$ cat query.cif   # mmCIF, C-alpha atoms and all ligand atoms
data_protein
#
loop_
_atom_site.label_atom_id
_atom_site.label_comp_id
_atom_site.auth_asym_id
_atom_site.auth_seq_id
_atom_site.Cartn_x
_atom_site.Cartn_y
_atom_site.Cartn_z
CA MET C 198 66.93 193.56 124.20
CA ILE C 199 66.99 189.99 125.49
CA ARG C 200 63.83 187.88 125.48
CA GLN C 201 63.33 184.59 127.29
CA LEU C 202 60.97 181.65 127.59
CA ILE C 203 61.29 179.15 130.44
CA ASN C 204 59.30 176.00 129.83
CA GLY C 205 57.21 177.99 127.39
CA ALA C 206 56.41 180.99 129.61
CA SER C 207 58.06 184.42 129.42
CA GLU C 208 57.59 185.25 133.09
CA ALA C 209 58.30 181.80 134.58
CA PRO C 210 61.10 181.48 137.17
CA LEU C 211 63.88 178.90 136.88
CA SER C 212 64.16 176.69 139.96
CA ILE C 213 67.30 177.07 142.10
CA LEU C 214 67.25 173.25 142.13
CA ASP C 215 67.82 173.04 138.38
CA ARG C 216 70.49 170.39 137.64
CA GLY C 217 71.99 172.53 134.88
CA LEU C 218 72.90 175.07 137.56
CA HIS C 219 74.17 172.47 140.05
CA TYR C 220 76.06 170.09 137.77
CA GLY C 221 76.04 171.48 134.24
CA ASP C 222 73.65 168.58 133.65
CA GLY C 223 72.24 169.61 130.30
CA LEU C 224 72.89 170.75 126.75
CA PHE C 225 72.71 173.88 124.67
CA GLU C 226 72.47 175.12 121.11
CA THR C 227 73.36 178.58 119.85
CA MET C 228 71.63 179.42 116.57
CA LEU C 229 71.92 182.31 114.12
CA VAL C 230 68.76 184.15 113.11
CA ALA C 231 69.08 185.92 109.75
CA ASN C 232 66.24 187.37 107.64
CA SER C 233 63.72 185.97 110.18
CA LYS C 234 65.04 182.42 109.63
CA ILE C 235 66.88 180.20 112.09
CA ILE C 236 69.90 179.01 110.14
CA HIS C 237 70.61 175.25 110.26
CA LEU C 238 67.64 174.75 112.62
CA VAL C 239 67.17 171.08 111.69
CA ASP C 240 70.85 170.30 112.37
CA HIS C 241 70.69 172.05 115.74
CA LEU C 242 67.55 170.16 116.79
CA TYR C 243 69.10 166.90 115.66
CA ARG C 244 72.29 167.48 117.72
CA LEU C 245 70.23 168.51 120.74
CA ARG C 246 68.11 165.35 120.46
CA ASP C 247 71.22 163.22 120.03
CA GLY C 248 72.83 164.85 123.10
CA CYS C 249 69.67 164.23 125.15
CA ARG C 250 69.71 160.58 124.07
CA ARG C 251 73.37 160.16 125.01
CA LEU C 252 72.90 161.79 128.43
CA ASN C 253 69.53 160.10 129.00
CA ILE C 254 67.74 163.44 129.35
CA SER C 255 64.09 163.54 128.33
CA THR C 256 63.99 165.36 124.97
CA PRO C 257 61.54 168.23 124.44
CA SER C 258 59.73 167.62 121.15
CA SER C 259 61.01 169.43 118.08
CA GLU C 260 57.48 170.79 117.50
CA THR C 261 57.53 172.41 120.95
CA LEU C 262 60.97 173.90 120.42
CA VAL C 263 60.16 175.18 116.93
CA SER C 264 56.93 176.85 118.06
CA GLU C 265 58.64 178.36 121.11
CA CYS C 266 61.42 179.73 118.90
CA ALA C 267 58.78 181.34 116.66
CA LEU C 268 57.03 182.82 119.69
CA LEU C 269 60.32 184.16 121.04
CA LEU C 270 61.28 185.68 117.69
CA GLY C 271 58.00 187.41 116.91
CA ASP C 272 58.87 189.90 114.18
CA VAL C 273 62.59 190.04 115.05
CA LYS C 274 64.63 189.43 111.89
CA GLU C 275 68.22 189.18 113.16
CA GLY C 276 69.73 187.81 116.34
CA VAL C 277 70.91 184.72 118.16
CA ILE C 278 68.71 182.12 119.86
CA LYS C 279 70.15 179.95 122.59
CA ILE C 280 68.27 176.83 123.65
CA ILE C 281 69.29 175.24 126.94
CA VAL C 282 67.82 171.90 127.98
CA THR C 283 68.65 170.68 131.48
CA ARG C 284 67.78 167.37 133.08
CA GLY C 285 65.30 169.19 135.32
CA ASP C 286 65.12 169.95 139.01
CA ALA C 287 67.35 168.13 141.50
CA THR C 288 66.87 166.44 144.76
CA ARG C 289 70.23 166.56 146.60
CA GLY C 290 73.06 164.48 145.12
CA TYR C 291 74.18 163.46 141.66
CA ARG C 292 71.70 160.61 141.27
CA TYR C 293 68.76 161.47 139.06
CA ALA C 294 65.26 160.08 139.17
CA ASP C 295 63.89 157.95 136.33
CA ASN C 296 61.01 160.34 135.78
CA GLN C 297 62.96 163.64 135.58
CA VAL C 298 61.22 166.25 133.43
CA ALA C 299 63.67 168.42 131.48
CA ASN C 300 63.67 172.21 131.76
CA ARG C 301 63.81 174.27 128.56
CA ILE C 302 65.27 177.75 128.53
CA LEU C 303 65.13 179.77 125.32
CA ILE C 304 66.91 183.11 125.07
CA LEU C 305 66.89 185.59 122.18
CA TYR C 306 69.93 187.87 122.02
CA PRO C 307 70.46 190.84 119.70
CA PRO C 308 72.71 190.26 116.67
CA VAL C 309 76.46 190.10 117.28
CA HIS C 310 78.47 192.63 115.24
CA TYR C 311 81.94 191.29 114.55
CA ALA C 312 84.37 193.29 112.41
CA GLU C 313 83.79 192.63 108.72
CA GLN C 314 87.54 192.20 108.22
CA ASN C 315 87.36 188.96 110.21
CA TRP C 316 85.67 187.42 107.16
CA ARG C 317 87.36 189.44 104.45
CA CYS C 318 90.98 189.61 105.68
CA GLY C 319 91.14 186.86 108.30
CA ILE C 320 91.96 186.65 111.99
CA THR C 321 94.82 185.93 114.37
CA LEU C 322 94.71 182.95 116.73
CA ARG C 323 96.68 182.18 119.85
CA VAL C 324 97.42 178.75 121.29
CA CYS C 325 95.82 178.34 124.72
CA GLN C 326 97.61 176.79 127.68
CA THR C 327 94.38 175.28 129.01
CA ARG C 328 94.04 171.72 127.68
CA LEU C 329 90.89 169.77 126.89
CA GLY C 330 90.24 166.62 128.90
CA SER C 331 89.37 163.43 127.01
CA ASN C 332 86.13 161.58 127.60
CA ARG C 333 84.52 159.50 124.86
CA GLN C 334 81.18 159.55 126.68
CA LEU C 335 80.92 163.33 126.33
CA ALA C 336 82.91 163.89 123.14
CA GLY C 337 81.07 165.70 120.36
CA ILE C 338 78.00 166.78 122.29
CA LYS C 339 77.34 170.37 123.32
CA HIS C 340 76.89 169.83 127.04
CA LEU C 341 76.76 172.66 129.57
CA ASN C 342 80.14 171.94 131.21
CA ARG C 343 82.28 174.64 129.60
CA LEU C 344 84.86 175.42 132.30
CA GLU C 345 87.73 174.49 130.00
CA GLN C 346 86.56 177.10 127.49
CA VAL C 347 86.01 179.66 130.27
CA MET C 348 89.57 179.11 131.54
CA ALA C 349 91.03 179.22 128.03
CA ARG C 350 89.17 182.40 127.08
CA ALA C 351 90.45 184.08 130.25
CA GLU C 352 94.03 183.64 128.97
CA TRP C 353 93.97 186.74 126.75
CA ASN C 354 92.53 190.26 126.64
CA ASP C 355 94.06 191.43 123.40
CA ASP C 356 91.17 192.27 121.02
CA ASP C 357 93.46 191.67 118.04
CA ILE C 358 93.38 187.95 118.85
CA ALA C 359 90.01 186.63 117.77
CA GLU C 360 90.21 183.03 119.00
CA GLY C 361 92.36 180.53 120.88
CA ILE C 362 93.33 177.05 119.71
CA MET C 363 92.79 174.30 122.29
CA LEU C 364 94.85 171.10 122.43
CA ASP C 365 94.28 167.80 124.18
CA ALA C 366 96.76 166.42 126.73
CA ALA C 367 98.82 164.82 123.93
CA GLY C 368 99.23 168.16 122.12
CA ASN C 369 96.76 167.47 119.30
CA VAL C 370 94.66 170.35 118.04
CA ILE C 371 91.01 169.71 118.90
CA GLU C 372 89.16 172.98 118.28
CA ALA C 373 89.21 176.64 119.31
CA THR C 374 87.40 178.03 122.36
CA MET C 375 84.10 178.65 120.52
CA SER C 376 84.68 177.16 117.09
CA ASN C 377 86.03 174.21 115.10
CA VAL C 378 89.28 174.23 113.17
CA PHE C 379 90.09 173.19 109.59
CA MET C 380 93.37 173.25 107.72
CA VAL C 381 94.49 172.64 104.14
CA GLU C 382 97.65 170.69 103.36
CA ASN C 383 98.56 169.93 99.73
CA GLU C 384 94.98 170.72 98.60
CA GLN C 385 93.60 168.29 101.16
CA LEU C 386 91.15 169.63 103.74
CA MET C 387 91.65 168.31 107.27
CA THR C 388 89.87 168.69 110.58
CA PRO C 389 90.64 167.10 113.96
CA ASP C 390 89.11 163.83 115.02
CA LEU C 391 86.64 164.56 117.85
CA SER C 392 86.06 161.07 119.19
CA GLU C 393 87.80 161.85 122.53
CA CYS C 394 86.85 165.49 123.12
CA GLY C 395 85.56 168.66 121.45
CA VAL C 396 82.19 169.79 120.16
CA ALA C 397 81.05 168.41 116.81
CA GLY C 398 79.92 171.78 115.46
CA ILE C 399 76.98 172.29 113.14
CA MET C 400 79.11 174.53 110.94
CA ARG C 401 81.84 171.84 110.93
CA LYS C 402 79.26 169.39 109.60
CA ASN C 403 78.20 171.89 106.92
CA VAL C 404 81.82 172.48 105.90
CA ILE C 405 82.35 168.70 105.64
CA ASP C 406 79.20 168.37 103.48
CA SER C 407 80.27 171.31 101.32
CA ALA C 408 83.73 169.81 100.81
CA GLN C 409 82.01 166.75 99.41
CA THR C 410 79.88 168.89 97.09
CA LEU C 411 83.00 170.71 95.87
CA GLN C 412 84.91 167.41 95.61
CA ILE C 413 87.59 168.66 97.97
CA PRO C 414 89.28 165.63 99.57
CA LEU C 415 88.82 165.59 103.36
CA LYS C 416 90.63 163.76 106.14
CA ILE C 417 89.48 163.62 109.76
CA GLU C 418 92.40 162.65 111.96
CA ASN C 419 94.67 163.74 114.82
CA ILE C 420 96.44 167.00 113.98
CA PRO C 421 99.48 167.84 116.14
CA LEU C 422 99.95 171.60 116.63
CA GLN C 423 103.16 171.53 114.59
CA ARG C 424 101.24 170.22 111.58
CA LEU C 425 98.59 172.95 111.86
CA VAL C 426 101.25 175.63 112.01
CA CYS C 427 102.78 174.33 108.77
CA ALA C 428 99.42 174.25 106.91
CA ASP C 429 98.78 176.05 103.60
CA GLU C 430 95.43 177.42 104.83
CA VAL C 431 93.64 177.46 108.17
CA PHE C 432 90.12 178.55 109.07
CA ILE C 433 87.73 178.32 111.99
CA CYS C 434 83.95 178.02 111.93
CA ASN C 435 80.84 178.08 114.06
CA SER C 436 77.13 178.66 113.61
CA ILE C 437 77.26 182.36 114.41
CA ILE C 438 80.36 183.50 112.53
CA GLY C 439 80.17 181.01 109.67
CA ILE C 440 83.84 180.82 108.57
CA TRP C 441 86.75 183.07 109.49
CA PRO C 442 90.01 182.54 107.60
CA VAL C 443 93.11 182.48 109.81
CA ILE C 444 96.05 184.67 108.79
CA ALA C 445 98.25 184.13 111.84
CA ILE C 446 98.76 181.64 114.66
CA ALA C 447 101.11 183.26 117.15
CA LYS C 448 103.93 184.45 114.82
CA GLN C 449 103.21 182.09 111.93
CA GLY C 450 101.44 183.75 108.97
CA PHE C 451 98.97 182.17 106.49
CA GLU C 452 97.38 183.22 103.21
CA LEU C 453 93.63 183.38 102.75
CA GLY C 454 93.71 180.50 100.27
CA PRO C 455 91.49 179.19 97.47
CA ILE C 456 89.90 176.27 99.32
CA THR C 457 88.81 178.50 102.22
CA SER C 458 87.38 181.00 99.70
CA LYS C 459 85.47 178.29 97.79
CA LEU C 460 83.90 176.99 101.01
CA MET C 461 83.02 180.50 102.15
CA ASN C 462 81.34 181.22 98.82
CA LEU C 463 79.36 177.99 98.78
CA LEU C 464 78.22 178.43 102.37
CA LYS C 465 77.47 182.14 101.76
CA VAL C 466 79.12 183.17 104.99
CA LEU C 467 80.46 186.56 103.85
CA PRO C 468 78.62 189.49 105.44
CA SER C 469 76.66 191.39 102.77
CA ALA C 470 78.45 194.55 101.66
C1 LIG D 1 83.67 174.65 122.25
C2 LIG D 1 82.97 174.83 120.94
N1 LIG D 1 83.38 174.11 119.88
C3 LIG D 1 82.79 174.25 118.68
C4 LIG D 1 81.74 175.15 118.49
C5 LIG D 1 81.11 175.28 117.14
O1 LIG D 1 79.81 174.73 117.16
P1 LIG D 1 78.67 175.17 116.14
O2 LIG D 1 79.23 175.08 114.75
O3 LIG D 1 77.59 174.19 116.38
O4 LIG D 1 78.27 176.58 116.47
C6 LIG D 1 81.29 175.90 119.57
C7 LIG D 1 80.20 176.84 119.41
O5 LIG D 1 79.76 177.50 120.32
C8 LIG D 1 81.91 175.74 120.83
O6 LIG D 1 81.52 176.44 121.90
#

$ encode --input "query.cif" --output "structure tokens"
Amino acid sequence: MIRQLINGASEAPLSILDRGLHYGDGLFETMLVANSKIIHLVDHLYRLRDGCRRLNISTPSSETLVSECALLLGDVKEGVIKIIVTRGDATRGYRYADNQVANRILILYPPVHYAEQNWRCGITLRVCQTRLGSNRQLAGIKHLNRLEQVMARAEWNDDDIAEGIMLDAAGNVIEATMSNVFMVENEQLMTPDLSECGVAGIMRKNVIDSAQTLQIPLKIENIPLQRLVCADEVFICNSIIGIWPVIAIAKQGFELGPITSKLMNLLKVLPSA
């Protein structure tokens, strides 16, 4: 069952003038609910607030969002909460008024059941044809414009391929359609630089913090596809799946290696047996 709250009310309509609908003028967060807790809630609220600041959208208070999440959850223990914040209702045209009031849409979805082998044995990736455009102004934030991901995800129907790598125009790996990418090369953890495009994922941040805790050296830099394909280990991550090791990219095979395993153990991302 899906539950919703629009500006705090379960029965409220969303205006057809909403700027999120017209222009993708807004942001979203997708959060895992496990054992009645919203995982990484503080990180999600921080990224949302930061995105609102960068787009000059009025930020709903964290107190409001936290209490609305609790209301939405009720006694539900497992699921996924999506928060969408849009700039508010439009007049006609791209220009926005100084006093726009943001709209908040909260949705509770049932839990997603991915195959346990995705965590335990790893997944296969493809390399998408659809490229990511570069724009420093939007890089890192989780804005509502996701047409590149929609186009990329439409490139395959094979259920044996769990995710698709996305490159920028220069052929550098940026992320996958719904997740961030890490690789290990000579015991060094690496993840792409996201200063031109890509979403700075909450799980990516947690992996980076965990690498520090485990004293695993980390580099954030441009990673051409050819370098990723030659890596010793590859994994992807997001807030819902945690970490999935990668065992194949197209025809290139990988081992589920020790650094991926250490990070998975520390972050407790394995599904309970
Ligand atoms: C395009 C894209 N990149 C990265 C991520 C990972 O973000 P997070 O770790 O915050 O879930 C997502 C998650 O939905 C995404 O859609």

$ residues_around --input "query.cif" --residues "Asn419 (chain C)" --least-positions-apart "4" --cutoff "8 Å" --atoms "only C-alpha atoms" --output "JSON, numbers by chain"
{"C": [369, 370, 389, 390]}

$ closest_residue --input "query.cif" --among "C:Ile338, C:Val239, C:Leu411, C:Val324" --to "Thr374 (chain C)" --atoms "all atoms listed in the file"
C:Val324

$ residues_near_ligand --input "query.cif" --ligand "ligand LIG 1 (chain D)" --cutoff "9 Å" --atoms "only C-alpha atoms and all ligand atoms" --output "ChimeraX atom specification"
/C:226-229,240-241,244,337,339,343,345-346,371-378,395-403,433-439

$ atom_distance --input "query.cif" --atom1 "CA of Leu386 (chain C)" --atom2 "CA of Ser458 (chain C)"
12.6 Å

$ residues_around --input "query.cif" --residues "Tyr291 (chain C)" --least-positions-apart "4" --cutoff "9 Å" --atoms "all atoms listed in the file" --output "list in words"
Arg216, Tyr220 and Ala287 of chain C

$ closest_residue --input "query.cif" --among "C:Gln412, C:Asn315, C:Thr388, C:Asn232" --to "Glu360 (chain C)" --atoms "only C-alpha atoms"
C:Asn315

$ residues_near_point --input "query.cif" --point "(101.3, 186.8, 110.6)" --cutoff "12 Å" --atoms "all atoms listed in the file" --output "MDAnalysis selection string"
chainID C and resid 318:323 357:358 426 443:453

$ closest_residue --input "query.cif" --among "C:Leu224, C:Ala336, C:Leu238, C:Leu422" --to "Thr283 (chain C)" --atoms "only C-alpha atoms"
C:Leu224

$ closest_residue --input "query.cif" --among "C:Glu208, C:Asn296, C:Val347, C:Leu245" --to "Ser258 (chain C)" --atoms "only C-alpha atoms"
C:Leu245

$ atom_distance --input "query.cif" --atom1 "CA of Val431 (chain C)" --atom2 "CA of Phe379 (chain C)"
5.7 Å

$ residues_around --input "query.cif" --residues "Ile199 (chain C)" --least-positions-apart "2" --cutoff "12 Å" --atoms "only C-alpha atoms" --output "ChimeraX atom specification"
/C:201-202,207,269-270,273,276-279,303-308

$ atom_distance --input "query.cif" --atom1 "CA of Glu260 (chain C)" --atom2 "CA of Ser233 (chain C)"
18.0 Å

$ closest_residue --input "query.cif" --among "C:Leu415, C:Ile302, C:Ile362, C:Leu252" --to "Gln334 (chain C)" --atoms "all atoms listed in the file"
C:Leu252
